[in-house]
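Report on the following structure.
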Amino acid sequence: MEETEGRHIETQGDFLSCLHSMEEELTRLAVAIHHSPDSWELLSEQLDRLCEFIVCEENEKRWRQGSNCEEVKQCSARIRDRSAHALCMIEKMRALRTYTEAWDANLYLSLLSAAVQEEWEYTRIKRESKVIFIGAGAFPVSALTIAMETSAEVLCTDIDEEAVRHGRKLANFLGLQGSFHYTDSHMRDREFLREATHVFIASLVPEKLEILDELTSEVHPDCKIIVRYGNGLRSLFNYPLDIRSLKEWRVTPVSRHNCIYETLILELQKSAARSAI
């Protein structure tokens, strides 16, 4: 689709029209999937087009020019909510097909492998690590990849009970019963939380700052918090983060080109770490 690559977006009106078009298509396909399960593939393709739109530099320029427009803000927020809902449905279908039909998950697992590898360079996850993923979803690509590649113990959490159920069945299907766990809250297993070496907060978790406030007094002072988020144009597919609010944390950005989300590595400042002990 040429339009999503930015070649035909010449004016601010064109940009806003394109946003409205994406919103309408996501809404239409999300409704269609309930009547025709095979529509999930079309919905997945639409999310792929949204990702292409996000990583286009010309579209980023258009966003900066119109980001103060109230209509752009409102439409962008609706696109984010619809894309998040769409991704949740798609992940549940992928998980179901994997553990019931032995659908090959290798292709999907490879989609974020480059991003995960780059994060590993900063996080140093090893076999002895204890890793928590907050907002993991039904098909947690990064968590599964880390569990299979490093054999580290992984705890995934999600407030969606259906996602938790799919995630557990998927982990069992992949033979990860001993090291891969699922629950509905990161506060459920306080002992694991206190021993965690790494905590990931997913980009689709909206209340990132609230969770960070909880973690301040719970995690080990040496624990690394990996926050995925999306500001600017990337907020079409990720919940944003106010980086100015991270006063208690030492912040290390993970810079990547053409990635659909942004990543920060957070470590407690010494004063905050002392008060958390």
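By convention here, the chains of the structure tokens are called A, B, ... in the order presented, each chain's residues are numbered starting at 1, and ligands are numbered starting at 1 in the order presented.
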Give me the stretch 35-103 of chain A side of the contact with stretch 8-30 of chain A, cut-off 7 Å, one line per residue showing its nearest atom pair and distance in Å at one decimal, counting only C-alpha atoms, sorted by chain and residue number, as a tab-separated table.
residue	atom	partner	partner_atom	distance
A:Ser39	CA	A:Leu29	CA	6.9
A:Leu43	CA	A:Leu29	CA	5.7
A:Arg62	CA	A:Gln12	CA	6.8
A:Gly66	CA	A:Gln12	CA	6.9
A:Val72	CA	A:Leu16	CA	6.4
A:Cys75	CA	A:His20	CA	6.8
A:Ile79	CA	A:Glu23	CA	5.3
A:Arg82	CA	A:Leu26	CA	6.4
A:Ser83	CA	A:Leu26	CA	6.9
A:Ala86	CA	A:Ala30	CA	6.4
Stretch 151-264 of chain A: residues DSSP assigns to helix (DSSP H, G or I), reported as a CSV table (one decimal) with N, CA, C and O atoms, in the first residue's frame:
chain,number,residue,atom,x,y,z
A,161,GLU,N,-7.5,-12.7,31.6
A,161,GLU,CA,-7.5,-14.1,32.0
A,161,GLU,C,-7.4,-15.1,30.8
A,161,GLU,O,-6.8,-16.1,30.8
A,162,GLU,N,-8.0,-14.7,29.7
A,162,GLU,CA,-8.0,-15.5,28.5
A,162,GLU,C,-6.6,-15.6,27.9
A,162,GLU,O,-6.1,-16.6,27.5
A,163,ALA,N,-5.9,-14.4,27.9
A,163,ALA,CA,-4.5,-14.4,27.5
A,163,ALA,C,-3.6,-15.3,28.4
A,163,ALA,O,-2.7,-16.0,27.9
A,164,VAL,N,-3.8,-15.3,29.7
A,164,VAL,CA,-3.1,-16.1,30.6
A,164,VAL,C,-3.3,-17.6,30.3
A,164,VAL,O,-2.4,-18.4,30.3
A,165,ARG,N,-4.6,-17.9,30.0
A,165,ARG,CA,-4.9,-19.3,29.7
A,165,ARG,C,-4.2,-19.8,28.4
A,165,ARG,O,-3.6,-20.9,28.4
A,166,HIS,N,-4.3,-19.0,27.4
A,166,HIS,CA,-3.6,-19.3,26.2
A,166,HIS,C,-2.1,-19.4,26.4
A,166,HIS,O,-1.4,-20.3,25.8
A,167,GLY,N,-1.5,-18.5,27.1
A,167,GLY,CA,-0.1,-18.4,27.4
A,167,GLY,C,0.4,-19.7,28.1
A,167,GLY,O,1.5,-20.2,27.7
A,168,ARG,N,-0.3,-20.2,29.0
A,168,ARG,CA,0.0,-21.4,29.8
A,168,ARG,C,0.0,-22.6,28.8
A,168,ARG,O,0.9,-23.4,28.9
A,169,LYS,N,-1.0,-22.7,28.0
A,169,LYS,CA,-1.1,-23.8,27.1
A,169,LYS,C,0.0,-23.8,26.1
A,169,LYS,O,0.6,-24.8,25.7
A,170,LEU,N,0.3,-22.6,25.6
A,170,LEU,CA,1.4,-22.5,24.6
A,170,LEU,C,2.7,-22.9,25.2
A,170,LEU,O,3.5,-23.6,24.6
A,171,ALA,N,3.0,-22.4,26.5
A,171,ALA,CA,4.3,-22.8,27.1
A,171,ALA,C,4.4,-24.3,27.3
A,171,ALA,O,5.4,-24.9,27.1
A,172,ASN,N,3.3,-24.9,27.7
A,172,ASN,CA,3.3,-26.4,27.8
A,172,ASN,C,3.5,-27.1,26.5
A,172,ASN,O,4.3,-28.0,26.4
A,173,PHE,N,2.9,-26.6,25.4
A,173,PHE,CA,3.1,-27.1,24.1
A,173,PHE,C,4.6,-27.0,23.7
A,173,PHE,O,5.1,-27.9,23.0
A,190,ARG,N,5.4,-12.4,45.2
A,190,ARG,CA,6.3,-11.4,45.8
A,190,ARG,C,7.7,-11.9,45.9
A,190,ARG,O,8.7,-11.2,45.7
A,191,GLU,N,7.9,-13.2,46.2
A,191,GLU,CA,9.2,-13.8,46.3
A,191,GLU,C,10.0,-13.7,45.0
A,191,GLU,O,11.1,-13.3,44.9
A,192,PHE,N,9.3,-14.1,43.9
A,192,PHE,CA,9.9,-14.1,42.6
A,192,PHE,C,10.2,-12.6,42.2
A,192,PHE,O,11.3,-12.3,41.6
A,193,LEU,N,9.3,-11.7,42.5
A,193,LEU,CA,9.5,-10.3,42.2
A,193,LEU,C,10.7,-9.8,42.9
A,193,LEU,O,11.5,-9.0,42.3
A,194,ARG,N,10.9,-10.1,44.2
A,194,ARG,CA,12.1,-9.6,45.0
A,194,ARG,C,13.4,-10.2,44.4
A,194,ARG,O,14.5,-9.6,44.5
A,195,GLU,N,13.3,-11.4,43.8
A,195,GLU,CA,14.5,-12.1,43.3
A,195,GLU,C,14.8,-11.8,41.8
A,195,GLU,O,15.8,-12.2,41.3
A,208,LYS,N,2.4,2.6,32.9
A,208,LYS,CA,3.8,2.3,33.1
A,208,LYS,C,4.3,3.0,34.4
A,208,LYS,O,5.0,2.4,35.2
A,209,LEU,N,4.0,4.3,34.5
A,209,LEU,CA,4.5,5.0,35.7
A,209,LEU,C,4.0,4.4,37.0
A,209,LEU,O,4.8,4.4,38.0
A,210,GLU,N,2.8,4.0,37.0
A,210,GLU,CA,2.2,3.5,38.3
A,210,GLU,C,2.9,2.2,38.6
A,210,GLU,O,3.2,1.9,39.8
A,211,ILE,N,3.2,1.3,37.6
A,211,ILE,CA,3.9,0.1,37.8
A,211,ILE,C,5.3,0.3,38.3
A,211,ILE,O,5.8,-0.3,39.2
A,212,LEU,N,6.0,1.3,37.7
A,212,LEU,CA,7.3,1.6,38.2
A,212,LEU,C,7.3,2.1,39.6
A,212,LEU,O,8.3,1.8,40.4
A,213,ASP,N,6.3,2.8,40.0
A,213,ASP,CA,6.2,3.2,41.4
A,213,ASP,C,6.1,2.0,42.3
A,213,ASP,O,6.7,1.9,43.4
A,214,GLU,N,5.3,1.0,41.9
A,214,GLU,CA,5.2,-0.2,42.7
A,214,GLU,C,6.5,-1.0,42.8
A,214,GLU,O,6.9,-1.5,43.8
A,215,LEU,N,7.2,-1.0,41.7
A,215,LEU,CA,8.5,-1.8,41.6
A,215,LEU,C,9.6,-1.2,42.4
A,215,LEU,O,10.5,-1.9,42.9
A,216,THR,N,9.5,0.1,42.6
A,216,THR,CA,10.6,0.8,43.4
A,216,THR,C,10.9,0.2,44.7
A,216,THR,O,12.0,0.0,45.2
A,232,GLY,N,5.5,10.0,20.2
A,232,GLY,CA,5.4,10.5,18.8
A,232,GLY,C,4.6,9.6,17.9
A,232,GLY,O,3.5,9.1,18.3
A,233,LEU,N,5.0,9.4,16.7
A,233,LEU,CA,4.3,8.6,15.8
A,233,LEU,C,4.1,7.2,16.2
A,233,LEU,O,3.1,6.5,16.0
A,234,ARG,N,5.1,6.7,17.0
A,234,ARG,CA,5.0,5.3,17.5
A,234,ARG,C,3.9,5.1,18.5
A,234,ARG,O,3.6,4.0,18.9
A,235,SER,N,3.3,6.2,19.0
A,235,SER,CA,2.2,6.1,19.9
A,235,SER,C,1.0,5.6,19.2
A,235,SER,O,0.0,5.3,19.9
A,236,LEU,N,1.0,5.5,17.9
A,236,LEU,CA,-0.2,4.9,17.2
A,236,LEU,C,-0.3,3.4,17.5
A,236,LEU,O,-1.4,2.8,17.4
A,243,ILE,N,9.1,10.5,30.0
A,243,ILE,CA,10.5,10.2,30.5
A,243,ILE,C,10.9,11.2,31.5
A,243,ILE,O,11.7,10.9,32.4
A,244,ARG,N,10.4,12.4,31.6
A,244,ARG,CA,10.7,13.4,32.6
A,244,ARG,C,10.3,13.0,34.0
A,244,ARG,O,10.8,13.5,35.0
A,245,SER,N,9.4,12.0,34.1
A,245,SER,CA,8.9,11.5,35.4
A,245,SER,C,9.8,10.5,36.0
A,245,SER,O,9.6,10.1,37.2
> Taking into account only C-alpha atoms, which residue in the set A:Leu144, A:Tyr182, A:Leu264, A:Leu50 is nearest to A:Ser76?
Replying inline: A:Leu50
>> Between atom CA of A:Pro206 and atom CA of A:Ala77, what is the distance in Å, rounded to a tenth?
In response: 11.6 Å
>> Quick check for you: according to DSSP on this backbone, which residues of stretch 20-147 of chain A are classed as strand (DSSP E or B)? Reply as number ranges by chain.
In response: A: 130-134
> Could you name the residues that touch stretch 128-130 of chain A at 8 Å or less, counting only C-alpha atoms, but leaving out those on the same chain fewer than 4 positions away, as a ChimeraX atom specification?
Replying inline: /A:152-155,192,195-198
With all heavy atoms kept, could you save the residues just selected as a PDB file, in the first residue's frame?
ATOM      1  N   ALA A 152      16.577 -19.255  31.082  1.00  0.00           N
ATOM      2  CA  ALA A 152      16.296 -18.479  32.293  1.00  0.00           C
ATOM      3  C   ALA A 152      14.862 -18.742  32.745  1.00  0.00           C
ATOM      4  O   ALA A 152      13.990 -19.072  31.940  1.00  0.00           O
ATOM      5  CB  ALA A 152      16.489 -16.995  32.023  1.00  0.00           C
ATOM      6  N   GLU A 153      14.616 -18.594  34.045  1.00  0.00           N
ATOM      7  CA  GLU A 153      13.259 -18.751  34.561  1.00  0.00           C
ATOM      8  C   GLU A 153      12.472 -17.477  34.252  1.00  0.00           C
ATOM      9  O   GLU A 153      12.921 -16.371  34.555  1.00  0.00           O
ATOM     10  CB  GLU A 153      13.290 -19.010  36.063  1.00  0.00           C
ATOM     11  CG  GLU A 153      11.943 -19.421  36.626  1.00  0.00           C
ATOM     12  CD  GLU A 153      12.016 -19.860  38.072  1.00  0.00           C
ATOM     13  OE1 GLU A 153      13.111 -19.778  38.670  1.00  0.00           O
ATOM     14  OE2 GLU A 153      10.974 -20.286  38.603  1.00  0.00           O
ATOM     15  N   VAL A 154      11.288 -17.660  33.674  1.00  0.00           N
ATOM     16  CA  VAL A 154      10.500 -16.529  33.190  1.00  0.00           C
ATOM     17  C   VAL A 154       9.104 -16.573  33.808  1.00  0.00           C
ATOM     18  O   VAL A 154       8.456 -17.628  33.828  1.00  0.00           O
ATOM     19  CB  VAL A 154      10.394 -16.550  31.650  1.00  0.00           C
ATOM     20  CG1 VAL A 154       9.466 -15.439  31.155  1.00  0.00           C
ATOM     21  CG2 VAL A 154      11.775 -16.399  31.014  1.00  0.00           C
ATOM     22  N   LEU A 155       8.655 -15.432  34.304  1.00  0.00           N
ATOM     23  CA  LEU A 155       7.294 -15.279  34.811  1.00  0.00           C
ATOM     24  C   LEU A 155       6.585 -14.231  33.969  1.00  0.00           C
ATOM     25  O   LEU A 155       7.008 -13.078  33.914  1.00  0.00           O
ATOM     26  CB  LEU A 155       7.302 -14.850  36.278  1.00  0.00           C
ATOM     27  CG  LEU A 155       5.940 -14.498  36.898  1.00  0.00           C
ATOM     28  CD1 LEU A 155       5.032 -15.722  36.927  1.00  0.00           C
ATOM     29  CD2 LEU A 155       6.102 -13.904  38.296  1.00  0.00           C
ATOM     30  N   PHE A 192       9.285 -14.126  43.917  1.00  0.00           N
ATOM     31  CA  PHE A 192       9.906 -14.079  42.590  1.00  0.00           C
ATOM     32  C   PHE A 192      10.217 -12.634  42.215  1.00  0.00           C
ATOM     33  O   PHE A 192      11.278 -12.345  41.649  1.00  0.00           O
ATOM     34  CB  PHE A 192       8.985 -14.714  41.546  1.00  0.00           C
ATOM     35  CG  PHE A 192       9.661 -15.006  40.231  1.00  0.00           C
ATOM     36  CD1 PHE A 192      10.135 -16.267  39.943  1.00  0.00           C
ATOM     37  CD2 PHE A 192       9.841 -14.004  39.281  1.00  0.00           C
ATOM     38  CE1 PHE A 192      10.761 -16.540  38.731  1.00  0.00           C
ATOM     39  CE2 PHE A 192      10.468 -14.259  38.079  1.00  0.00           C
ATOM     40  CZ  PHE A 192      10.930 -15.538  37.800  1.00  0.00           C
ATOM     41  N   GLU A 195      13.337 -11.440  43.833  1.00  0.00           N
ATOM     42  CA  GLU A 195      14.536 -12.093  43.310  1.00  0.00           C
ATOM     43  C   GLU A 195      14.788 -11.791  41.836  1.00  0.00           C
ATOM     44  O   GLU A 195      15.824 -12.177  41.289  1.00  0.00           O
ATOM     45  CB  GLU A 195      14.417 -13.609  43.495  1.00  0.00           C
ATOM     46  CG  GLU A 195      14.376 -14.058  44.949  1.00  0.00           C
ATOM     47  CD  GLU A 195      14.143 -15.549  45.085  1.00  0.00           C
ATOM     48  OE1 GLU A 195      13.869 -16.202  44.035  1.00  0.00           O
ATOM     49  OE2 GLU A 195      14.237 -16.068  46.208  1.00  0.00           O
ATOM     50  N   ALA A 196      13.860 -11.102  41.195  1.00  0.00           N
ATOM     51  CA  ALA A 196      13.965 -10.853  39.752  1.00  0.00           C
ATOM     52  C   ALA A 196      15.220 -10.052  39.416  1.00  0.00           C
ATOM     53  O   ALA A 196      15.566  -9.084  40.102  1.00  0.00           O
ATOM     54  CB  ALA A 196      12.725 -10.117  39.256  1.00  0.00           C
ATOM     55  N   THR A 197      15.897 -10.467  38.349  1.00  0.00           N
ATOM     56  CA  THR A 197      17.055  -9.722  37.848  1.00  0.00           C
ATOM     57  C   THR A 197      16.651  -8.760  36.738  1.00  0.00           C
ATOM     58  O   THR A 197      17.330  -7.763  36.494  1.00  0.00           O
ATOM     59  CB  THR A 197      18.115 -10.694  37.304  1.00  0.00           C
ATOM     60  OG1 THR A 197      17.528 -11.500  36.261  1.00  0.00           O
ATOM     61  CG2 THR A 197      18.625 -11.611  38.419  1.00  0.00           C
ATOM     62  N   HIS A 198      15.526  -9.069  36.065  1.00  0.00           N
ATOM     63  CA  HIS A 198      15.047  -8.240  34.954  1.00  0.00           C
ATOM     64  C   HIS A 198      13.526  -8.216  34.977  1.00  0.00           C
ATOM     65  O   HIS A 198      12.882  -9.261  35.166  1.00  0.00           O
ATOM     66  CB  HIS A 198      15.505  -8.793  33.602  1.00  0.00           C
ATOM     67  CG  HIS A 198      16.986  -8.947  33.466  1.00  0.00           C
ATOM     68  ND1 HIS A 198      17.680 -10.008  34.014  1.00  0.00           N
ATOM     69  CD2 HIS A 198      17.910  -8.166  32.854  1.00  0.00           C
ATOM     70  CE1 HIS A 198      18.968  -9.875  33.747  1.00  0.00           C
ATOM     71  NE2 HIS A 198      19.131  -8.768  33.041  1.00  0.00           N
TER      72      HIS A 198
END
>> When you count only C-alpha atoms, which of these residues is closest to A:Asp160: A:Cys51, A:Met89, A:Thr123, A:Asp38?
In response: A:Met89
> Looking at A:Ser142, A:Ile225, A:Ile134, A:Cys259, which one is nearest to A:His186, with distances taken over only C-alpha atoms?
Replying inline: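 Using only C-alpha atoms, the shortest distance to A:His186 belongs to A:Ile134.
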> Between A:Lys224, A:Asn231, A:Ser255, A:Arg80, which one has atoms that come closest to A:Glu60, using only C-alpha atoms?
Replying inline: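 Looking at the shortest contact to A:Glu60, the residue is A:Asn231.
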